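Containing mmCIF, N, CA and C atoms; chains and numbers go by the auth columns: input30.cif.
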data_run
#
loop_
_atom_site.group_PDB
_atom_site.id
_atom_site.type_symbol
_atom_site.label_atom_id
_atom_site.label_comp_id
_atom_site.label_asym_id
_atom_site.label_seq_id
_atom_site.Cartn_x
_atom_site.Cartn_y
_atom_site.Cartn_z
_atom_site.B_iso_or_equiv
_atom_site.auth_seq_id
_atom_site.auth_asym_id
ATOM 1 N N MET A 1 6.340 17.347 7.625 0.00 19 B
ATOM 2 C CA MET A 1 5.548 16.412 6.853 0.00 19 B
ATOM 3 C C MET A 1 4.247 16.133 7.596 0.00 19 B
ATOM 4 N N ASN A 2 3.141 16.155 6.880 0.00 20 B
ATOM 5 C CA ASN A 2 1.852 15.832 7.479 0.00 20 B
ATOM 6 C C ASN A 2 1.775 14.349 7.766 0.00 20 B
ATOM 7 N N SER A 3 1.041 13.985 8.803 0.00 21 B
ATOM 8 C CA SER A 3 0.893 12.571 9.104 0.00 21 B
ATOM 9 C C SER A 3 -0.247 11.991 8.265 0.00 21 B
ATOM 10 N N PHE A 4 -0.149 10.721 7.990 0.00 22 B
ATOM 11 C CA PHE A 4 -1.157 10.041 7.196 0.00 22 B
ATOM 12 C C PHE A 4 -2.434 9.858 8.015 0.00 22 B
ATOM 13 N N PRO A 5 -3.593 9.888 7.361 0.00 23 B
ATOM 14 C CA PRO A 5 -4.844 9.577 8.060 0.00 23 B
ATOM 15 C C PRO A 5 -5.042 8.068 8.099 0.00 23 B
ATOM 16 N N SER A 6 -5.886 7.607 8.979 0.00 24 B
ATOM 17 C CA SER A 6 -6.251 6.202 8.997 0.00 24 B
ATOM 18 C C SER A 6 -7.191 5.956 7.823 0.00 24 B
ATOM 19 N N THR A 7 -6.995 4.866 7.102 0.00 25 B
ATOM 20 C CA THR A 7 -7.819 4.590 5.922 0.00 25 B
ATOM 21 C C THR A 7 -7.949 3.090 5.689 0.00 25 B
ATOM 22 N N LYS A 8 -8.839 2.703 4.795 0.00 26 B
ATOM 23 C CA LYS A 8 -9.073 1.296 4.477 0.00 26 B
ATOM 24 C C LYS A 8 -7.975 0.779 3.548 0.00 26 B
ATOM 25 N N ALA A 9 -7.680 -0.501 3.666 0.00 27 B
ATOM 26 C CA ALA A 9 -6.627 -1.120 2.865 0.00 27 B
ATOM 27 C C ALA A 9 -6.957 -1.090 1.382 0.00 27 B
ATOM 28 N N LYS A 10 -8.243 -1.238 1.016 0.00 28 B
ATOM 29 C CA LYS A 10 -8.578 -1.235 -0.414 0.00 28 B
ATOM 30 C C LYS A 10 -8.305 0.127 -1.042 0.00 28 B
ATOM 31 N N ARG A 11 -8.413 1.196 -0.277 0.00 29 B
ATOM 32 C CA ARG A 11 -8.097 2.536 -0.785 0.00 29 B
ATOM 33 C C ARG A 11 -6.592 2.683 -0.999 0.00 29 B
ATOM 34 N N VAL A 12 -5.801 2.137 -0.080 0.00 30 B
ATOM 35 C CA VAL A 12 -4.342 2.187 -0.213 0.00 30 B
ATOM 36 C C VAL A 12 -3.904 1.346 -1.405 0.00 30 B
ATOM 37 N N LEU A 13 -4.492 0.161 -1.561 0.00 31 B
ATOM 38 C CA LEU A 13 -4.159 -0.702 -2.694 0.00 31 B
ATOM 39 C C LEU A 13 -4.485 -0.004 -4.014 0.00 31 B
ATOM 40 N N ALA A 14 -5.635 0.646 -4.094 0.00 32 B
ATOM 41 C CA ALA A 14 -6.018 1.367 -5.305 0.00 32 B
ATOM 42 C C ALA A 14 -5.023 2.491 -5.601 0.00 32 B
ATOM 43 N N ALA A 15 -4.562 3.181 -4.564 0.00 33 B
ATOM 44 C CA ALA A 15 -3.584 4.251 -4.743 0.00 33 B
ATOM 45 C C ALA A 15 -2.253 3.692 -5.248 0.00 33 B
ATOM 46 N N LEU A 16 -1.845 2.552 -4.733 0.00 34 B
ATOM 47 C CA LEU A 16 -0.602 1.931 -5.195 0.00 34 B
ATOM 48 C C LEU A 16 -0.706 1.562 -6.672 0.00 34 B
ATOM 49 N N ILE A 17 -1.837 1.011 -7.066 0.00 35 B
ATOM 50 C CA ILE A 17 -2.031 0.624 -8.469 0.00 35 B
ATOM 51 C C ILE A 17 -2.037 1.865 -9.366 0.00 35 B
ATOM 52 N N ARG A 18 -2.686 2.942 -8.916 0.00 36 B
ATOM 53 C CA ARG A 18 -2.702 4.194 -9.687 0.00 36 B
ATOM 54 C C ARG A 18 -1.304 4.775 -9.871 0.00 36 B
ATOM 55 N N THR A 19 -0.420 4.544 -8.901 0.00 37 B
ATOM 56 C CA THR A 19 0.932 5.112 -8.967 0.00 37 B
ATOM 57 C C THR A 19 1.930 4.183 -9.651 0.00 37 B
ATOM 58 N N GLY A 20 1.437 3.125 -10.298 0.00 38 B
ATOM 59 C CA GLY A 20 2.325 2.295 -11.112 0.00 38 B
ATOM 60 C C GLY A 20 2.673 0.930 -10.558 0.00 38 B
ATOM 61 N N TRP A 21 2.227 0.599 -9.362 0.00 39 B
ATOM 62 C CA TRP A 21 2.489 -0.722 -8.807 0.00 39 B
ATOM 63 C C TRP A 21 1.537 -1.720 -9.453 0.00 39 B
ATOM 64 N N ILE A 22 2.020 -2.932 -9.690 0.00 40 B
ATOM 65 C CA ILE A 22 1.164 -4.000 -10.218 0.00 40 B
ATOM 66 C C ILE A 22 1.190 -5.180 -9.251 0.00 40 B
ATOM 67 N N ILE A 23 0.111 -5.959 -9.273 0.00 41 B
ATOM 68 C CA ILE A 23 0.061 -7.164 -8.438 0.00 41 B
ATOM 69 C C ILE A 23 0.744 -8.276 -9.225 0.00 41 B
ATOM 70 N N LYS A 24 1.898 -8.676 -8.742 0.00 42 B
ATOM 71 C CA LYS A 24 2.697 -9.707 -9.403 0.00 42 B
ATOM 72 C C LYS A 24 2.075 -11.086 -9.183 0.00 42 B
ATOM 73 N N ARG A 25 1.690 -11.344 -7.936 0.00 43 B
ATOM 74 C CA ARG A 25 0.996 -12.589 -7.587 0.00 43 B
ATOM 75 C C ARG A 25 0.280 -12.379 -6.263 0.00 43 B
ATOM 76 N N GLN A 26 -0.640 -13.301 -5.956 0.00 44 B
ATOM 77 C CA GLN A 26 -1.426 -13.169 -4.736 0.00 44 B
ATOM 78 C C GLN A 26 -1.660 -14.536 -4.126 0.00 44 B
ATOM 79 N N ASN A 27 -1.574 -14.600 -2.803 0.00 45 B
ATOM 80 C CA ASN A 27 -1.888 -15.804 -2.052 0.00 45 B
ATOM 81 C C ASN A 27 -2.723 -15.369 -0.860 0.00 45 B
ATOM 82 N N GLY A 28 -4.039 -15.520 -0.964 0.00 46 B
ATOM 83 C CA GLY A 28 -4.940 -15.044 0.079 0.00 46 B
ATOM 84 C C GLY A 28 -4.930 -13.531 0.110 0.00 46 B
ATOM 85 N N SER A 29 -4.697 -12.944 1.285 0.00 47 B
ATOM 86 C CA SER A 29 -4.658 -11.482 1.386 0.00 47 B
ATOM 87 C C SER A 29 -3.250 -10.927 1.145 0.00 47 B
ATOM 88 N N HIS A 30 -2.276 -11.795 0.925 0.00 48 B
ATOM 89 C CA HIS A 30 -0.909 -11.348 0.666 0.00 48 B
ATOM 90 C C HIS A 30 -0.725 -11.100 -0.823 0.00 48 B
ATOM 91 N N ARG A 31 -0.503 -9.838 -1.168 0.00 49 B
ATOM 92 C CA ARG A 31 -0.275 -9.475 -2.562 0.00 49 B
ATOM 93 C C ARG A 31 1.175 -9.053 -2.718 0.00 49 B
ATOM 94 N N ILE A 32 1.873 -9.643 -3.673 0.00 50 B
ATOM 95 C CA ILE A 32 3.242 -9.256 -3.966 0.00 50 B
ATOM 96 C C ILE A 32 3.152 -8.183 -5.046 0.00 50 B
ATOM 97 N N MET A 33 3.537 -6.961 -4.671 0.00 51 B
ATOM 98 C CA MET A 33 3.446 -5.815 -5.567 0.00 51 B
ATOM 99 C C MET A 33 4.810 -5.571 -6.204 0.00 51 B
ATOM 100 N N SER A 34 4.796 -5.143 -7.460 0.00 52 B
ATOM 101 C CA SER A 34 6.033 -4.913 -8.190 0.00 52 B
ATOM 102 C C SER A 34 5.960 -3.583 -8.924 0.00 52 B
ATOM 103 N N LYS A 35 7.089 -2.871 -8.948 0.00 53 B
ATOM 104 C CA LYS A 35 7.200 -1.628 -9.707 0.00 53 B
ATOM 105 C C LYS A 35 8.630 -1.532 -10.215 0.00 53 B
ATOM 106 N N SER A 36 8.768 -1.124 -11.442 0.00 54 B
ATOM 107 C CA SER A 36 10.076 -1.018 -12.065 0.00 54 B
ATOM 108 C C SER A 36 10.998 -0.109 -11.246 0.00 54 B
ATOM 109 N N GLY A 37 12.199 -0.594 -10.991 0.00 55 B
ATOM 110 C CA GLY A 37 13.199 0.199 -10.275 0.00 55 B
ATOM 111 C C GLY A 37 13.147 0.110 -8.765 0.00 55 B
ATOM 112 N N LEU A 38 12.126 -0.573 -8.219 0.00 56 B
ATOM 113 C CA LEU A 38 11.993 -0.710 -6.774 0.00 56 B
ATOM 114 C C LEU A 38 11.885 -2.182 -6.398 0.00 56 B
ATOM 115 N N PRO A 39 12.305 -2.538 -5.176 0.00 57 B
ATOM 116 C CA PRO A 39 12.135 -3.934 -4.763 0.00 57 B
ATOM 117 C C PRO A 39 10.658 -4.274 -4.582 0.00 57 B
ATOM 118 N N ASP A 40 10.329 -5.549 -4.730 0.00 58 B
ATOM 119 C CA ASP A 40 8.948 -6.006 -4.531 0.00 58 B
ATOM 120 C C ASP A 40 8.482 -5.661 -3.125 0.00 58 B
ATOM 121 N N TYR A 41 7.176 -5.460 -2.985 0.00 59 B
ATOM 122 C CA TYR A 41 6.588 -5.118 -1.691 0.00 59 B
ATOM 123 C C TYR A 41 5.420 -6.062 -1.422 0.00 59 B
ATOM 124 N N VAL A 42 5.370 -6.619 -0.223 0.00 60 B
ATOM 125 C CA VAL A 42 4.278 -7.503 0.176 0.00 60 B
ATOM 126 C C VAL A 42 3.216 -6.662 0.861 0.00 60 B
ATOM 127 N N PHE A 43 2.053 -6.574 0.227 0.00 61 B
ATOM 128 C CA PHE A 43 0.913 -5.841 0.783 0.00 61 B
ATOM 129 C C PHE A 43 0.003 -6.894 1.399 0.00 61 B
ATOM 130 N N ALA A 44 0.009 -7.005 2.728 0.00 62 B
ATOM 131 C CA ALA A 44 -0.654 -8.117 3.418 0.00 62 B
ATOM 132 C C ALA A 44 -1.796 -7.626 4.300 0.00 62 B
ATOM 133 N N PHE A 45 -2.802 -7.013 3.680 0.00 63 B
ATOM 134 C CA PHE A 45 -3.951 -6.506 4.419 0.00 63 B
ATOM 135 C C PHE A 45 -5.235 -6.977 3.749 0.00 63 B
ATOM 136 N N HIS A 46 -6.259 -7.245 4.557 0.00 64 B
ATOM 137 C CA HIS A 46 -7.584 -7.528 4.020 0.00 64 B
ATOM 138 C C HIS A 46 -8.187 -6.214 3.544 0.00 64 B
ATOM 139 N N ASP A 47 -9.030 -6.264 2.507 0.00 65 B
ATOM 140 C CA ASP A 47 -9.559 -5.047 1.881 0.00 65 B
ATOM 141 C C ASP A 47 -10.271 -4.112 2.852 0.00 65 B
ATOM 142 N N ASN A 48 -11.071 -4.622 3.773 0.00 66 B
ATOM 143 C CA ASN A 48 -11.838 -3.768 4.681 0.00 66 B
ATOM 144 C C ASN A 48 -11.122 -3.451 5.984 0.00 66 B
ATOM 145 N N GLU A 49 -9.873 -3.843 6.095 0.00 67 B
ATOM 146 C CA GLU A 49 -9.080 -3.583 7.295 0.00 67 B
ATOM 147 C C GLU A 49 -8.636 -2.120 7.328 0.00 67 B
ATOM 148 N N ASP A 50 -8.722 -1.508 8.505 0.00 68 B
ATOM 149 C CA ASP A 50 -8.216 -0.146 8.676 0.00 68 B
ATOM 150 C C ASP A 50 -6.704 -0.182 8.826 0.00 68 B
ATOM 151 N N ILE A 51 -6.037 0.735 8.146 0.00 69 B
ATOM 152 C CA ILE A 51 -4.589 0.875 8.277 0.00 69 B
ATOM 153 C C ILE A 51 -4.346 2.215 8.955 0.00 69 B
ATOM 154 N N GLY A 52 -3.656 2.182 10.075 0.00 70 B
ATOM 155 C CA GLY A 52 -3.403 3.389 10.859 0.00 70 B
ATOM 156 C C GLY A 52 -2.260 4.228 10.315 0.00 70 B
ATOM 157 N N PRO A 53 -2.082 5.404 10.894 0.00 71 B
ATOM 158 C CA PRO A 53 -1.049 6.338 10.419 0.00 71 B
ATOM 159 C C PRO A 53 0.376 5.779 10.452 0.00 71 B
ATOM 160 N N LYS A 54 0.720 5.036 11.500 0.00 72 B
ATOM 161 C CA LYS A 54 2.084 4.501 11.592 0.00 72 B
ATOM 162 C C LYS A 54 2.350 3.472 10.504 0.00 72 B
ATOM 163 N N MET A 55 1.380 2.591 10.253 0.00 73 B
ATOM 164 C CA MET A 55 1.566 1.580 9.223 0.00 73 B
ATOM 165 C C MET A 55 1.568 2.222 7.841 0.00 73 B
ATOM 166 N N LEU A 56 0.737 3.246 7.639 0.00 74 B
ATOM 167 C CA LEU A 56 0.737 3.952 6.360 0.00 74 B
ATOM 168 C C LEU A 56 2.082 4.631 6.111 0.00 74 B
ATOM 169 N N ALA A 57 2.679 5.156 7.148 0.00 75 B
ATOM 170 C CA ALA A 57 4.006 5.769 7.009 0.00 75 B
ATOM 171 C C ALA A 57 5.034 4.720 6.600 0.00 75 B
ATOM 172 N N ARG A 58 4.900 3.522 7.139 0.00 76 B
ATOM 173 C CA ARG A 58 5.810 2.428 6.786 0.00 76 B
ATOM 174 C C ARG A 58 5.600 1.998 5.334 0.00 76 B
ATOM 175 N N VAL A 59 4.331 1.902 4.914 0.00 77 B
ATOM 176 C CA VAL A 59 4.020 1.566 3.517 0.00 77 B
ATOM 177 C C VAL A 59 4.607 2.643 2.602 0.00 77 B
ATOM 178 N N SER A 60 4.448 3.899 2.996 0.00 78 B
ATOM 179 C CA SER A 60 4.962 5.021 2.211 0.00 78 B
ATOM 180 C C SER A 60 6.476 4.948 2.056 0.00 78 B
ATOM 181 N N LYS A 61 7.155 4.620 3.121 0.00 79 B
ATOM 182 C CA LYS A 61 8.618 4.537 3.094 0.00 79 B
ATOM 183 C C LYS A 61 9.079 3.473 2.105 0.00 79 B
ATOM 184 N N ASN A 62 8.344 2.358 2.044 0.00 80 B
ATOM 185 C CA ASN A 62 8.748 1.249 1.176 0.00 80 B
ATOM 186 C C ASN A 62 8.269 1.387 -0.267 0.00 80 B
ATOM 187 N N THR A 63 7.212 2.159 -0.505 0.00 81 B
ATOM 188 C CA THR A 63 6.631 2.218 -1.843 0.00 81 B
ATOM 189 C C THR A 63 6.675 3.600 -2.479 0.00 81 B
ATOM 190 N N GLY A 64 6.954 4.634 -1.703 0.00 82 B
ATOM 191 C CA GLY A 64 6.951 5.988 -2.237 0.00 82 B
ATOM 192 C C GLY A 64 5.568 6.615 -2.286 0.00 82 B
ATOM 193 N N LEU A 65 4.581 5.989 -1.665 0.00 83 B
ATOM 194 C CA LEU A 65 3.220 6.502 -1.640 0.00 83 B
ATOM 195 C C LEU A 65 3.186 7.821 -0.863 0.00 83 B
ATOM 196 N N ARG A 66 2.416 8.798 -1.368 0.00 84 B
ATOM 197 C CA ARG A 66 2.292 10.093 -0.707 0.00 84 B
ATOM 198 C C ARG A 66 0.858 10.307 -0.263 0.00 84 B
ATOM 199 N N ILE A 67 0.646 11.251 0.628 0.00 85 B
ATOM 200 C CA ILE A 67 -0.693 11.570 1.110 0.00 85 B
ATOM 201 C C ILE A 67 -1.592 11.969 -0.051 0.00 85 B
ATOM 202 N N GLU A 68 -1.051 12.722 -1.000 0.00 86 B
ATOM 203 C CA GLU A 68 -1.826 13.178 -2.147 0.00 86 B
ATOM 204 C C GLU A 68 -2.313 12.019 -3.018 0.00 86 B
ATOM 205 N N ASP A 69 -1.607 10.883 -2.974 0.00 87 B
ATOM 206 C CA ASP A 69 -1.989 9.725 -3.783 0.00 87 B
ATOM 207 C C ASP A 69 -3.230 9.025 -3.272 0.00 87 B
ATOM 208 N N LEU A 70 -3.527 9.199 -1.978 0.00 88 B
ATOM 209 C CA LEU A 70 -4.703 8.560 -1.410 0.00 88 B
ATOM 210 C C LEU A 70 -5.916 9.307 -1.872 0.00 88 B
#
Mind turning the file's structure into structure tokens?
Amino acid sequence: MNSFPSTKAKRVLAALIRTGWIIKRQNGSHRIMSKSGLPDYVFAFHDNEDIGPKMLARVSKNTGLRIEDL
């Protein structure tokens, strides 16, 4: 498996929305994301924050996000 590149949080959020996740509610930078058939996911990053490869792998594990989705 290829490793994820470092990227901005707003790009990851856009990819999650494109893949069917919706923002259920938001409190500051904490967004509660929801997708049918999966448990809710808390996306807690500021839009211009860099997300590194390890954290992206963790997001991927919890949401099903793939490198191609970015």
Notebook entry, point to check: Excluding same-chain residues fewer than 2 positions from segment 20-36 of chain B, what lies within 7 Å of it counting only C-alpha atoms, as a PyMOL selection string?
Noted result: chain B and resi 38-40+63-71+74-75+83+85+87-88
Notebook entry, point to check: Out of chain B, which residues get strand (DSSP E) from DSSP, as JSON, numbers by chain?
Noted result: {"B": [25, 26, 40, 41, 42, 43, 44, 45, 48, 49, 50, 51, 52, 53, 56, 57, 58, 59, 60, 61, 62, 68, 69]}
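Note that the spacing between atom CA of Asp58 of chain B and atom CA of Arg43 of chain B amounts to 10.8 Å.
Pairwise distance (atom CA of Glu86 of chain B, atom CA of Lys42 of chain B) equals 24.4 Å.
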Item checked: Resolved residues for the PyMOL selection byres ((chain B and resi 49) around 6.5) as a PyMOL selection string -> chain B and resi 41-48+50-51+59-63
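The space between atom CA of Met73 of chain B and atom C of Ser52 of chain B spans 19.4 Å.
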Please run DSSP on the backbone and report, as a short mmCIF file (atom, residue, chain, number, x, y, z; two decimals) with N, CA and C atoms, keeping the file's coordinate frame, all residues within chain B that come out as helix (DSSP H, G or I).
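Okay, this is what ended up in selection-v9.cif:
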data_model
loop_
_atom_site.label_atom_id
_atom_site.label_comp_id
_atom_site.auth_asym_id
_atom_site.auth_seq_id
_atom_site.Cartn_x
_atom_site.Cartn_y
_atom_site.Cartn_z
N ALA B 27 -7.68 -0.50 3.67
CA ALA B 27 -6.63 -1.12 2.86
C ALA B 27 -6.96 -1.09 1.38
N LYS B 28 -8.24 -1.24 1.02
CA LYS B 28 -8.58 -1.24 -0.41
C LYS B 28 -8.30 0.13 -1.04
N ARG B 29 -8.41 1.20 -0.28
CA ARG B 29 -8.10 2.54 -0.78
C ARG B 29 -6.59 2.68 -1.00
N VAL B 30 -5.80 2.14 -0.08
CA VAL B 30 -4.34 2.19 -0.21
C VAL B 30 -3.90 1.35 -1.40
N LEU B 31 -4.49 0.16 -1.56
CA LEU B 31 -4.16 -0.70 -2.69
C LEU B 31 -4.49 0.00 -4.01
N ALA B 32 -5.64 0.65 -4.09
CA ALA B 32 -6.02 1.37 -5.30
C ALA B 32 -5.02 2.49 -5.60
N ALA B 33 -4.56 3.18 -4.56
CA ALA B 33 -3.58 4.25 -4.74
C ALA B 33 -2.25 3.69 -5.25
N LEU B 34 -1.84 2.55 -4.73
CA LEU B 34 -0.60 1.93 -5.20
C LEU B 34 -0.71 1.56 -6.67
N ILE B 35 -1.84 1.01 -7.07
CA ILE B 35 -2.03 0.62 -8.47
C ILE B 35 -2.04 1.86 -9.37
N ARG B 36 -2.69 2.94 -8.92
CA ARG B 36 -2.70 4.19 -9.69
C ARG B 36 -1.30 4.78 -9.87
N PRO B 71 -2.08 5.40 10.89
CA PRO B 71 -1.05 6.34 10.42
C PRO B 71 0.38 5.78 10.45
N LYS B 72 0.72 5.04 11.50
CA LYS B 72 2.08 4.50 11.59
C LYS B 72 2.35 3.47 10.50
N MET B 73 1.38 2.59 10.25
CA MET B 73 1.57 1.58 9.22
C MET B 73 1.57 2.22 7.84
N LEU B 74 0.74 3.25 7.64
CA LEU B 74 0.74 3.95 6.36
C LEU B 74 2.08 4.63 6.11
N ALA B 75 2.68 5.16 7.15
CA ALA B 75 4.01 5.77 7.01
C ALA B 75 5.03 4.72 6.60
N ARG B 76 4.90 3.52 7.14
CA ARG B 76 5.81 2.43 6.79
C ARG B 76 5.60 2.00 5.33
N VAL B 77 4.33 1.90 4.91
CA VAL B 77 4.02 1.57 3.52
C VAL B 77 4.61 2.64 2.60
N SER B 78 4.45 3.90 3.00
CA SER B 78 4.96 5.02 2.21
C SER B 78 6.48 4.95 2.06
N LYS B 79 7.16 4.62 3.12
CA LYS B 79 8.62 4.54 3.09
C LYS B 79 9.08 3.47 2.10
N ASN B 80 8.34 2.36 2.04
CA ASN B 80 8.75 1.25 1.18
C ASN B 80 8.27 1.39 -0.27
N THR B 81 7.21 2.16 -0.50
CA THR B 81 6.63 2.22 -1.84
C THR B 81 6.68 3.60 -2.48
N ILE B 85 0.65 11.25 0.63
CA ILE B 85 -0.69 11.57 1.11
C ILE B 85 -1.59 11.97 -0.05
N GLU B 86 -1.05 12.72 -1.00
CA GLU B 86 -1.83 13.18 -2.15
C GLU B 86 -2.31 12.02 -3.02
N ASP B 87 -1.61 10.88 -2.97
CA ASP B 87 -1.99 9.72 -3.78
C ASP B 87 -3.23 9.02 -3.27
#
Would you mind putting back all heavy atoms on segment 75-84 of chain B, then writing it out as a compact mmCIF listing (two decimals), in the coordinates of the input?
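Listing of part17.txt after writing:
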# COMPACT_ATOMS: atom_id res chain seq x y z
N ALA B 75 2.68 5.16 7.15
CA ALA B 75 4.01 5.77 7.01
C ALA B 75 5.03 4.72 6.60
O ALA B 75 5.91 4.98 5.77
CB ALA B 75 4.42 6.44 8.32
N ARG B 76 4.90 3.52 7.14
CA ARG B 76 5.81 2.43 6.79
C ARG B 76 5.60 2.00 5.33
O ARG B 76 6.56 1.75 4.60
CB ARG B 76 5.60 1.25 7.74
CG ARG B 76 6.67 0.20 7.61
CD ARG B 76 6.50 -0.90 8.63
NE ARG B 76 6.61 -0.36 9.98
CZ ARG B 76 6.21 -1.00 11.07
NH1 ARG B 76 5.68 -2.20 10.96
NH2 ARG B 76 6.35 -0.47 12.25
N VAL B 77 4.33 1.90 4.91
CA VAL B 77 4.02 1.57 3.52
C VAL B 77 4.61 2.64 2.60
O VAL B 77 5.21 2.34 1.57
CB VAL B 77 2.50 1.43 3.31
CG1 VAL B 77 2.15 1.32 1.83
CG2 VAL B 77 1.96 0.21 4.06
N SER B 78 4.45 3.90 3.00
CA SER B 78 4.96 5.02 2.21
C SER B 78 6.48 4.95 2.06
O SER B 78 7.01 5.19 0.97
CB SER B 78 4.57 6.33 2.88
OG SER B 78 5.20 7.40 2.25
N LYS B 79 7.16 4.62 3.12
CA LYS B 79 8.62 4.54 3.09
C LYS B 79 9.08 3.47 2.10
O LYS B 79 10.05 3.67 1.38
CB LYS B 79 9.14 4.22 4.50
CG LYS B 79 10.64 4.14 4.59
CD LYS B 79 11.08 3.85 6.00
CE LYS B 79 12.60 3.70 6.06
NZ LYS B 79 13.03 3.31 7.40
N ASN B 80 8.34 2.36 2.04
CA ASN B 80 8.75 1.25 1.18
C ASN B 80 8.27 1.39 -0.27
O ASN B 80 8.86 0.79 -1.17
CB ASN B 80 8.23 -0.07 1.74
CG ASN B 80 8.94 -0.45 3.02
OD1 ASN B 80 10.14 -0.35 3.12
ND2 ASN B 80 8.18 -0.86 4.01
N THR B 81 7.21 2.16 -0.50
CA THR B 81 6.63 2.22 -1.84
C THR B 81 6.68 3.60 -2.48
O THR B 81 6.42 3.73 -3.67
CB THR B 81 5.15 1.77 -1.80
OG1 THR B 81 4.41 2.68 -1.00
CG2 THR B 81 5.01 0.36 -1.29
N GLY B 82 6.95 4.63 -1.70
CA GLY B 82 6.95 5.99 -2.24
C GLY B 82 5.57 6.62 -2.29
O GLY B 82 5.38 7.67 -2.88
N LEU B 83 4.58 5.99 -1.66
CA LEU B 83 3.22 6.50 -1.64
C LEU B 83 3.19 7.82 -0.86
O LEU B 83 3.84 7.96 0.16
CB LEU B 83 2.29 5.47 -0.97
CG LEU B 83 0.80 5.73 -1.05
CD1 LEU B 83 0.33 5.60 -2.49
CD2 LEU B 83 0.05 4.76 -0.16
N ARG B 84 2.42 8.80 -1.37
CA ARG B 84 2.29 10.09 -0.71
C ARG B 84 0.86 10.31 -0.26
O ARG B 84 -0.06 9.65 -0.75
CB ARG B 84 2.70 11.22 -1.66
CG ARG B 84 4.13 11.10 -2.16
CD ARG B 84 4.39 12.12 -3.21
NE ARG B 84 3.33 12.03 -4.21
CZ ARG B 84 3.28 12.71 -5.33
NH1 ARG B 84 4.22 13.54 -5.61
NH2 ARG B 84 2.29 12.57 -6.18
